[in-house]
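To be precise, the following lines are protein-v6.cif, and they hold mmCIF, C-alpha atoms.
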```cif
data_query
#
loop_
_atom_site.label_atom_id
_atom_site.label_comp_id
_atom_site.auth_asym_id
_atom_site.auth_seq_id
_atom_site.Cartn_x
_atom_site.Cartn_y
_atom_site.Cartn_z
CA MET A 178 24.70 38.60 215.39
CA ASN A 179 27.32 37.42 212.93
CA LEU A 180 28.23 38.79 209.52
CA ILE A 181 25.80 36.60 207.57
CA GLN A 182 22.87 37.81 209.62
CA ILE A 183 23.92 41.44 209.27
CA ILE A 184 24.11 41.07 205.47
CA PHE A 185 20.77 39.26 205.39
CA TRP A 186 18.92 41.92 207.39
CA PHE A 187 20.58 44.77 205.53
CA LEU A 188 19.66 43.31 202.12
CA SER A 189 16.12 42.47 203.26
CA SER A 190 15.38 45.89 204.69
CA PHE A 191 16.94 47.57 201.64
CA ALA A 192 14.75 45.47 199.33
CA VAL A 193 11.56 46.13 201.28
CA ILE A 194 12.19 49.88 201.52
CA SER A 195 12.98 50.07 197.80
CA ALA A 196 9.86 48.08 196.97
CA ILE A 197 7.75 50.50 199.01
CA MET A 198 9.42 53.39 197.20
CA VAL A 199 8.39 51.79 193.89
CA LEU A 200 4.79 52.21 194.99
CA VAL A 201 4.92 55.69 196.45
CA SER A 202 7.07 57.37 193.78
CA LYS A 203 5.09 59.82 191.70
CA SER A 204 7.27 59.64 188.62
CA PRO A 205 7.43 56.32 186.72
CA VAL A 206 11.15 56.81 186.05
CA HIS A 207 11.83 56.92 189.78
CA SER A 208 9.77 53.76 190.20
CA VAL A 209 11.94 51.99 187.61
CA LEU A 210 15.12 53.09 189.39
CA TRP A 211 13.84 51.85 192.76
CA LEU A 212 12.83 48.56 191.16
CA ILE A 213 16.41 48.19 189.88
CA ALA A 214 17.54 48.69 193.50
CA VAL A 215 15.21 45.86 194.55
CA PHE A 216 16.73 43.61 191.89
CA PHE A 217 20.24 44.39 193.11
CA ALA A 218 19.21 43.47 196.66
CA ILE A 219 17.69 40.20 195.45
CA SER A 220 20.90 39.45 193.54
CA GLY A 221 22.76 40.01 196.80
CA HIS A 222 20.51 37.42 198.40
CA TYR A 223 21.33 34.98 195.58
CA ILE A 224 25.05 35.50 196.19
CA LEU A 225 24.48 34.94 199.90
CA LEU A 226 22.79 31.63 199.02
CA ASN A 227 25.74 30.77 196.73
CA ALA A 228 23.50 30.81 193.64
CA GLN A 229 26.06 32.63 191.53
CA PHE A 230 24.56 31.82 188.14
CA LEU A 231 21.12 33.14 189.10
CA ALA A 232 22.66 36.23 190.67
CA ILE A 233 24.39 37.25 187.48
CA VAL A 234 21.44 36.24 185.26
CA ASN A 235 19.14 38.28 187.48
CA LEU A 236 21.38 41.30 187.07
CA ILE A 237 21.81 40.91 183.31
CA VAL A 238 18.26 39.95 182.38
CA TYR A 239 16.19 41.91 184.90
CA ALA A 240 18.23 44.94 185.89
CA GLY A 241 19.97 45.12 182.53
CA ALA A 242 17.45 44.22 179.85
CA ILE A 243 13.89 44.33 181.18
CA MET A 244 14.27 47.53 183.14
CA VAL A 245 15.93 49.27 180.19
CA LEU A 246 12.92 48.18 178.12
CA PHE A 247 10.65 49.78 180.72
CA LEU A 248 12.72 52.97 180.65
CA PHE A 249 12.54 53.14 176.86
CA VAL A 250 8.76 52.75 176.89
CA ILE A 251 8.39 55.44 179.57
CA MET A 252 10.62 57.80 177.62
CA MET A 253 8.67 57.19 174.41
CA MET A 254 5.41 57.97 176.17
CA ASN A 255 6.82 61.10 177.77
CA LEU A 256 5.38 60.30 181.18
CA ASN A 257 8.02 62.28 183.05
CA LYS A 258 5.55 64.71 184.44
CA ASP A 259 3.01 63.33 186.81
CA THR A 260 0.27 62.03 184.56
CA ASP A 261 -0.96 59.49 187.04
CA PRO A 262 -4.37 60.76 188.08
CA GLN A 263 -4.82 60.84 191.81
CA LYS A 264 -7.03 58.11 193.12
CA ASN A 265 -9.40 58.44 196.01
CA VAL A 266 -7.45 58.20 199.27
CA TRP A 267 -9.98 55.71 200.64
CA ILE A 268 -9.27 53.34 197.78
CA LYS A 269 -5.55 53.58 198.54
CA LEU A 270 -6.25 52.90 202.19
CA ALA A 271 -8.48 49.95 201.31
CA GLY A 272 -5.73 48.48 199.12
CA ALA A 273 -3.12 48.86 201.84
CA VAL A 274 -5.40 47.39 204.51
CA SER A 275 -6.38 44.39 202.40
CA GLY A 276 -2.74 43.73 201.50
CA GLY A 277 -1.78 44.02 205.17
CA CYS A 278 -4.50 41.54 206.12
CA LEU A 279 -3.21 39.09 203.52
CA LEU A 280 0.34 39.48 204.85
CA MET A 281 -0.86 38.95 208.42
CA VAL A 282 -2.73 35.76 207.53
CA LEU A 283 0.23 34.35 205.57
CA VAL A 284 2.77 35.20 208.28
CA SER A 285 0.63 33.59 210.98
CA LEU A 286 0.37 30.53 208.73
CA VAL A 287 4.15 30.38 208.40
CA LYS A 288 4.58 30.80 212.14
CA GLN A 289 2.26 27.84 212.81
CA ALA A 290 3.69 25.49 210.17
CA THR A 291 5.47 22.60 211.83
CA GLU A 292 7.06 21.29 208.62
CA ILE A 293 9.57 24.11 208.48
CA ASN A 294 10.42 24.15 212.18
CA GLY A 295 14.16 24.38 212.59
CA LYS A 296 14.83 23.99 208.85
CA GLN A 297 17.84 25.98 207.68
CA ALA A 298 18.76 27.33 204.26
CA LEU A 299 22.38 26.51 203.48
CA ILE A 300 24.34 29.75 203.30
CA GLY A 301 27.54 30.15 201.33
CA LYS A 302 28.20 26.42 200.91
CA GLY A 303 27.04 23.74 198.48
CA ASP A 304 27.71 23.87 194.77
CA ILE A 305 24.25 23.52 193.18
CA GLY A 306 24.25 27.19 192.26
CA LEU A 307 27.51 27.09 190.32
CA ILE A 308 27.45 27.54 186.57
CA ALA A 309 29.11 24.15 185.97
CA THR A 310 26.44 22.24 187.90
CA LEU A 311 23.51 24.15 186.47
CA GLY A 312 24.85 23.87 182.94
CA LYS A 313 25.17 20.13 183.29
CA VAL A 314 21.61 19.82 184.60
CA LEU A 315 20.23 22.23 182.01
CA PHE A 316 21.78 20.42 179.04
CA THR A 317 21.03 16.87 180.17
CA ASP A 318 17.71 16.72 182.04
CA PHE A 319 16.16 19.95 180.80
CA VAL A 320 17.42 20.17 177.24
CA VAL A 321 13.95 19.85 175.66
CA PRO A 322 12.39 22.71 177.68
CA PHE A 323 15.50 24.74 176.97
CA GLU A 324 15.03 24.35 173.23
CA ILE A 325 11.28 24.97 173.49
CA SER A 326 11.97 28.23 175.27
CA SER A 327 13.72 29.45 172.13
CA VAL A 328 10.47 28.87 170.23
CA LEU A 329 8.71 30.83 173.00
CA PHE A 330 11.11 33.71 172.46
CA LEU A 331 10.52 33.64 168.72
CA SER A 332 6.75 33.74 169.19
CA ALA A 333 7.08 36.54 171.74
CA MET A 334 9.20 38.52 169.29
CA VAL A 335 6.68 38.03 166.49
CA GLY A 336 3.82 38.89 168.85
CA ALA A 337 5.50 42.08 170.03
CA VAL A 338 6.11 43.22 166.46
CA VAL A 339 2.55 42.40 165.34
CA ILE A 340 0.97 44.13 168.34
CA GLY A 341 3.28 47.11 168.26
CA LYS A 342 3.15 47.93 164.57
CA LYS A 343 1.02 50.79 163.44
CA ASP A 344 -2.44 49.87 162.29
CA SER A 345 -2.81 51.39 158.80
CA LYS A 346 -6.61 51.29 158.99
CA LEU A 347 -6.59 53.38 162.17
CA GLU A 348 -4.12 55.82 160.68
CA ASN A 349 -6.34 56.57 157.68
CA ASN A 350 -9.46 57.29 159.72
CA MET B 158 19.68 31.16 208.20
CA PRO B 159 16.22 29.79 209.19
CA ILE B 160 13.98 29.21 206.19
CA SER B 161 11.12 31.07 207.88
CA ASN B 162 13.10 34.32 207.59
CA TYR B 163 13.25 33.87 203.84
CA ILE B 164 9.57 32.95 203.65
CA ILE B 165 8.47 36.03 205.58
CA PHE B 166 10.75 38.33 203.58
CA CYS B 167 9.45 36.98 200.28
CA LEU B 168 5.85 37.22 201.50
CA THR B 169 6.46 40.87 202.36
CA LEU B 170 7.81 41.60 198.87
CA PHE B 171 4.92 39.67 197.31
CA THR B 172 2.35 41.59 199.36
CA ILE B 173 3.91 44.91 198.40
CA GLY B 174 3.49 43.83 194.78
CA ILE B 175 -0.17 42.95 195.37
CA ILE B 176 -0.81 46.31 197.05
CA GLY B 177 0.80 48.02 194.07
CA VAL B 178 -1.46 46.19 191.64
CA LEU B 179 -4.50 47.12 193.72
CA VAL B 180 -3.64 50.76 194.38
CA ARG B 181 -1.85 52.21 191.36
CA ARG B 182 -3.62 53.06 188.11
CA ASN B 183 -0.60 53.59 185.89
CA ALA B 184 -0.35 50.45 183.74
CA ILE B 185 3.45 50.52 183.72
CA ILE B 186 3.67 50.63 187.52
CA VAL B 187 1.17 47.77 187.74
CA PHE B 188 3.35 45.79 185.36
CA MET B 189 6.44 46.55 187.45
CA CYS B 190 4.65 45.31 190.57
CA ILE B 191 3.96 42.04 188.77
CA GLU B 192 7.70 41.76 188.09
CA LEU B 193 8.32 42.37 191.79
CA MET B 194 5.99 39.48 192.70
CA LEU B 195 7.78 37.21 190.21
CA ASN B 196 11.12 38.03 191.80
CA ALA B 197 9.85 37.34 195.30
CA VAL B 198 8.72 33.88 194.18
CA ASN B 199 12.09 33.28 192.49
CA LEU B 200 14.01 34.09 195.65
CA LEU B 201 11.78 31.78 197.68
CA LEU B 202 12.36 28.93 195.21
CA VAL B 203 16.12 29.37 195.52
CA ALA B 204 15.88 29.45 199.32
CA PHE B 205 13.88 26.21 199.33
CA SER B 206 16.36 24.57 196.98
CA LYS B 207 19.17 25.49 199.36
CA MET B 208 17.09 24.10 202.22
CA HIS B 209 16.82 20.71 200.52
CA ASN B 210 20.44 20.84 199.48
CA GLY B 211 21.45 21.54 203.08
CA VAL B 212 19.94 18.22 204.21
CA ALA B 213 21.83 16.30 201.53
CA TYR B 214 25.00 18.34 202.11
CA LEU B 215 25.50 16.74 205.52
CA SER B 216 26.13 13.31 204.00
CA ASP B 217 27.56 14.25 200.60
CA LYS B 218 29.50 17.47 200.13
CA SER B 219 29.08 17.51 196.35
CA SER B 220 25.41 16.59 196.22
CA ILE B 221 23.33 18.33 193.57
CA VAL B 222 19.96 17.75 195.20
CA GLY B 223 17.85 20.84 194.54
CA ALA B 224 19.55 21.97 191.35
CA GLU B 225 16.24 21.53 189.50
CA ALA B 226 14.72 24.40 191.46
CA GLN B 227 17.39 26.77 190.23
CA VAL B 228 16.79 25.59 186.66
CA PHE B 229 13.10 26.34 187.21
CA VAL B 230 14.02 29.84 188.36
CA PHE B 231 16.05 30.25 185.18
CA PHE B 232 13.02 29.22 183.10
CA ILE B 233 10.80 31.63 185.06
CA MET B 234 13.20 34.41 184.11
CA VAL B 235 13.06 33.30 180.45
CA VAL B 236 9.27 33.35 180.43
CA ALA B 237 9.22 36.69 182.25
CA ALA B 238 11.44 38.24 179.60
CA ALA B 239 9.09 37.05 176.84
CA GLU B 240 6.08 38.24 178.83
CA VAL B 241 7.54 41.69 179.35
CA SER B 242 8.17 42.21 175.65
CA VAL B 243 4.59 41.35 174.71
CA GLY B 244 3.09 43.24 177.67
CA LEU B 245 4.99 46.42 176.90
CA ALA B 246 3.89 46.17 173.28
CA ILE B 247 0.28 45.99 174.51
CA ILE B 248 0.82 49.03 176.76
CA VAL B 249 2.34 50.99 173.86
CA MET B 250 -0.62 50.12 171.66
CA MET B 251 -3.03 51.14 174.42
CA TYR B 252 -1.21 54.46 174.80
CA ARG B 253 -1.42 55.01 171.07
CA ASN B 254 -5.18 54.45 171.08
CA THR B 255 -6.21 56.25 174.27
CA HIS B 256 -3.24 58.64 174.84
CA SER B 257 -3.13 57.50 178.44
CA VAL B 258 -1.80 54.57 180.46
CA ASP B 259 -4.64 54.66 182.96
CA ILE B 260 -5.92 51.12 183.37
CA ASN B 261 -9.41 52.35 184.21
CA PHE B 262 -9.84 53.19 180.52
CA LEU B 263 -9.60 49.50 179.81
CA ASN B 264 -12.45 48.35 182.02
CA ARG B 265 -14.61 47.44 179.07
CA LEU B 266 -11.90 46.17 176.69
CA LYS B 267 -14.03 47.42 173.79
CA ASN B 268 -14.82 50.90 172.49
#
```
Kindly return the structure encoded in the file as structure tokens.
Amino acid sequence: MNLIQIIFWFLSSFAVISAIMVLVSKSPVHSVLWLIAVFFAISGHYILLNAQFLAIVNLIVYAGAIMVLFLFVIMMMNLNKDTDPQKNVWIKLAGAVSGGCLLMVLVSLVKQATEINGKQALIGKGDIGLIATLGKVLFTDFVVPFEISSVLFLSAMVGAVVIGKKDSKLENN
Amino acid sequence: MPISNYIIFCLTLFTIGIIGVLVRRNAIIVFMCIELMLNAVNLLLVAFSKMHNGVAYLSDKSSIVGAEAQVFVFFIMVVAAAEVSVGLAIIVMMYRNTHSVDINFLNRLKN
């Protein structure tokens, strides 16, 4: 087992354990912190695949911006104490069993697929993940979607403000 | 690294996200599980792009085959950021109206 494989299995097990902890944590703040751990592990995978741009964007956008947004919302709602009502244990069991069945079916499908037999993901080599390459592709072939995404952001901003602002009619009643 | 390792790892993360959506009732946790599923798909896209790049790498060391997949992942992150802002606004509004983030209160969407 060489170094690459050790890093791969360490990052994978860390991500899976953190993802399970997201589910079983009682407090939402702990769930957010475990989810940040998952994002760090996934960024480690990106670095392993030499996708440096996506690794740093994943850290900045997901772990840095989106998760802070989640934390702010949780703090505003004051959900620190356990306000999650306990569900029936049979429903939890049914969810876990159905998810496990789905995983089993998908894994058996992957094991049988002949198209991916012996295919390897290139580790640590190749320069498609570098910022120079991706910038060139993004601003030549994908420049129109890139500009449209700014319109998407504007509409999302307007939508968030409109949804989030206090309804004066409700306040008066 | 065989591509099947990446596929199985991403399927595991995706399934954990699905179980979270099915089991938890806190709307914020459900939303976080959706983010987890998005990230699993992103990692799988990058792994597949490196798989295709690895075939072209043998003949041309500076080939950029597969760079489109990483641009797609970038756009998925952009859309996810926009989605999170609107979704959290909806959750805040729901909390303001019902004083709870239990998604079972929303099963009728009216009254």
Atom CA of B:Val180 sits from atom CA of A:Ile268 at a separation of 7.1 Å
Do me a favour and pick out the residues of chain A within 7 Å of chain B, using all atoms listed in the file, as a PDB file with C-alpha atoms, keeping the file's coordinate frame.
```pdb
ATOM      1  CA  SER A 189      16.120  42.470 203.260  1.00  0.00           C
ATOM      2  CA  VAL A 193      11.560  46.130 201.280  1.00  0.00           C
ATOM      3  CA  ALA A 196       9.860  48.080 196.970  1.00  0.00           C
ATOM      4  CA  ILE A 197       7.750  50.500 199.010  1.00  0.00           C
ATOM      5  CA  LEU A 200       4.790  52.210 194.990  1.00  0.00           C
ATOM      6  CA  PRO A 205       7.430  56.320 186.720  1.00  0.00           C
ATOM      7  CA  ILE A 243      13.890  44.330 181.180  1.00  0.00           C
ATOM      8  CA  ASP A 261      -0.960  59.490 187.040  1.00  0.00           C
ATOM      9  CA  LYS A 269      -5.550  53.580 198.540  1.00  0.00           C
ATOM     10  CA  GLY A 272      -5.730  48.480 199.120  1.00  0.00           C
ATOM     11  CA  ALA A 273      -3.120  48.860 201.840  1.00  0.00           C
ATOM     12  CA  GLY A 276      -2.740  43.730 201.500  1.00  0.00           C
ATOM     13  CA  LEU A 280       0.340  39.480 204.850  1.00  0.00           C
ATOM     14  CA  VAL A 284       2.770  35.200 208.280  1.00  0.00           C
ATOM     15  CA  GLY A 295      14.160  24.380 212.590  1.00  0.00           C
ATOM     16  CA  LYS A 296      14.830  23.990 208.850  1.00  0.00           C
ATOM     17  CA  GLN A 297      17.840  25.980 207.680  1.00  0.00           C
ATOM     18  CA  ALA A 298      18.760  27.330 204.260  1.00  0.00           C
ATOM     19  CA  LEU A 299      22.380  26.510 203.480  1.00  0.00           C
ATOM     20  CA  ILE A 300      24.340  29.750 203.300  1.00  0.00           C
ATOM     21  CA  GLY A 303      27.040  23.740 198.480  1.00  0.00           C
ATOM     22  CA  ASP A 304      27.710  23.870 194.770  1.00  0.00           C
ATOM     23  CA  ILE A 305      24.250  23.520 193.180  1.00  0.00           C
ATOM     24  CA  LEU A 311      23.510  24.150 186.470  1.00  0.00           C
ATOM     25  CA  LEU A 315      20.230  22.230 182.010  1.00  0.00           C
ATOM     26  CA  PHE A 330      11.110  33.710 172.460  1.00  0.00           C
ATOM     27  CA  ALA A 333       7.080  36.540 171.740  1.00  0.00           C
ATOM     28  CA  GLY A 336       3.820  38.890 168.850  1.00  0.00           C
ATOM     29  CA  ALA A 337       5.500  42.080 170.030  1.00  0.00           C
ATOM     30  CA  ILE A 340       0.970  44.130 168.340  1.00  0.00           C
ATOM     31  CA  GLY A 341       3.280  47.110 168.260  1.00  0.00           C
TER      32      GLY A 341
END
```
A:Leu307 environment, 9 Å, all atoms listed in the file, sequence neighbours closer than 5 positions dropped, as a PyMOL selection string: chain A and resi 227-231+312
What do you get, as a ChimeraX atom specification, if you spell out every residue that the PyMOL selection byres ((chain A and resi 211) around 9) selects here? /A:195-199,202,206-210,212-216
Interatomic distance between atom CA of A:Ser220 and atom CA of B:Leu195? 13.7 Å
In Å to one decimal, how far is atom CA of B:Met194 from atom CA of A:Phe316?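 Pair atom CA of A:Phe316 / atom CA of B:Met194 returns 28.3 Å.
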Each side padded by 5 Å, which centre and which edge lengths in Å (one decimal) define the axis-aligned box around the listed atoms of stretch 260-264 of chain B? Give them as lines of an AutoDock Vina configuration file.
```
center_x = -9.2
center_y = 50.8
center_z = 182.0
size_x = 16.5
size_y = 14.8
size_z = 14.4
```
Which residue, A:Ala271, A:Lys313, A:Met254, A:Phe217, has the smallest gap to A:Val238 when you use all atoms listed in the file?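 Among the listed residues, A:Phe217 lies closest to A:Val238.
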As a compact mmCIF listing (two decimals), in the frame of the given file, could you write out stretch 262-285 of chain A once it has been completed with N, CA and C atoms?
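File written: selection-v4.txt
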```
# COMPACT_ATOMS: atom_id res chain seq x y z
N PRO A 262 -3.31 60.03 187.40
CA PRO A 262 -4.37 60.76 188.08
C PRO A 262 -4.52 60.28 189.51
N GLN A 263 -4.76 61.21 190.40
CA GLN A 263 -4.82 60.84 191.81
C GLN A 263 -6.10 60.05 192.11
N LYS A 264 -5.90 58.95 192.78
CA LYS A 264 -7.03 58.11 193.12
C LYS A 264 -7.59 58.57 194.46
N ASN A 265 -8.78 58.16 194.72
CA ASN A 265 -9.40 58.44 196.01
C ASN A 265 -8.55 57.86 197.14
N VAL A 266 -8.36 58.65 198.20
CA VAL A 266 -7.45 58.20 199.27
C VAL A 266 -8.03 56.99 200.00
N TRP A 267 -9.37 56.87 199.98
CA TRP A 267 -9.98 55.71 200.64
C TRP A 267 -9.67 54.43 199.90
N ILE A 268 -9.59 54.54 198.55
CA ILE A 268 -9.27 53.34 197.78
C ILE A 268 -7.84 52.90 198.06
N LYS A 269 -6.93 53.91 198.19
CA LYS A 269 -5.55 53.58 198.54
C LYS A 269 -5.49 52.89 199.90
N LEU A 270 -6.25 53.46 200.84
CA LEU A 270 -6.25 52.90 202.19
C LEU A 270 -6.81 51.47 202.17
N ALA A 271 -7.89 51.29 201.39
CA ALA A 271 -8.48 49.95 201.31
C ALA A 271 -7.50 48.95 200.73
N GLY A 272 -6.74 49.37 199.68
CA GLY A 272 -5.73 48.48 199.12
C GLY A 272 -4.66 48.12 200.12
N ALA A 273 -4.17 49.13 200.85
CA ALA A 273 -3.12 48.86 201.84
C ALA A 273 -3.62 47.96 202.95
N VAL A 274 -4.87 48.20 203.40
CA VAL A 274 -5.40 47.39 204.51
C VAL A 274 -5.62 45.95 204.07
N SER A 275 -6.15 45.77 202.84
CA SER A 275 -6.38 44.39 202.40
C SER A 275 -5.07 43.66 202.18
N GLY A 276 -4.05 44.37 201.64
CA GLY A 276 -2.74 43.73 201.50
C GLY A 276 -2.14 43.39 202.85
N GLY A 277 -2.31 44.29 203.83
CA GLY A 277 -1.78 44.02 205.17
C GLY A 277 -2.47 42.83 205.80
N CYS A 278 -3.78 42.70 205.58
CA CYS A 278 -4.50 41.54 206.12
C CYS A 278 -3.97 40.25 205.51
N LEU A 279 -3.74 40.28 204.19
CA LEU A 279 -3.21 39.09 203.52
C LEU A 279 -1.85 38.72 204.10
N LEU A 280 -1.00 39.74 204.29
CA LEU A 280 0.34 39.48 204.85
C LEU A 280 0.23 38.89 206.25
N MET A 281 -0.71 39.43 207.05
CA MET A 281 -0.86 38.95 208.42
C MET A 281 -1.29 37.47 208.44
N VAL A 282 -2.26 37.14 207.58
CA VAL A 282 -2.73 35.76 207.53
C VAL A 282 -1.60 34.82 207.11
N LEU A 283 -0.84 35.23 206.07
CA LEU A 283 0.23 34.35 205.57
C LEU A 283 1.33 34.18 206.60
N VAL A 284 1.69 35.30 207.29
CA VAL A 284 2.77 35.20 208.28
C VAL A 284 2.35 34.32 209.45
N SER A 285 1.08 34.45 209.88
CA SER A 285 0.63 33.59 210.98
C SER A 285 0.63 32.13 210.55
```
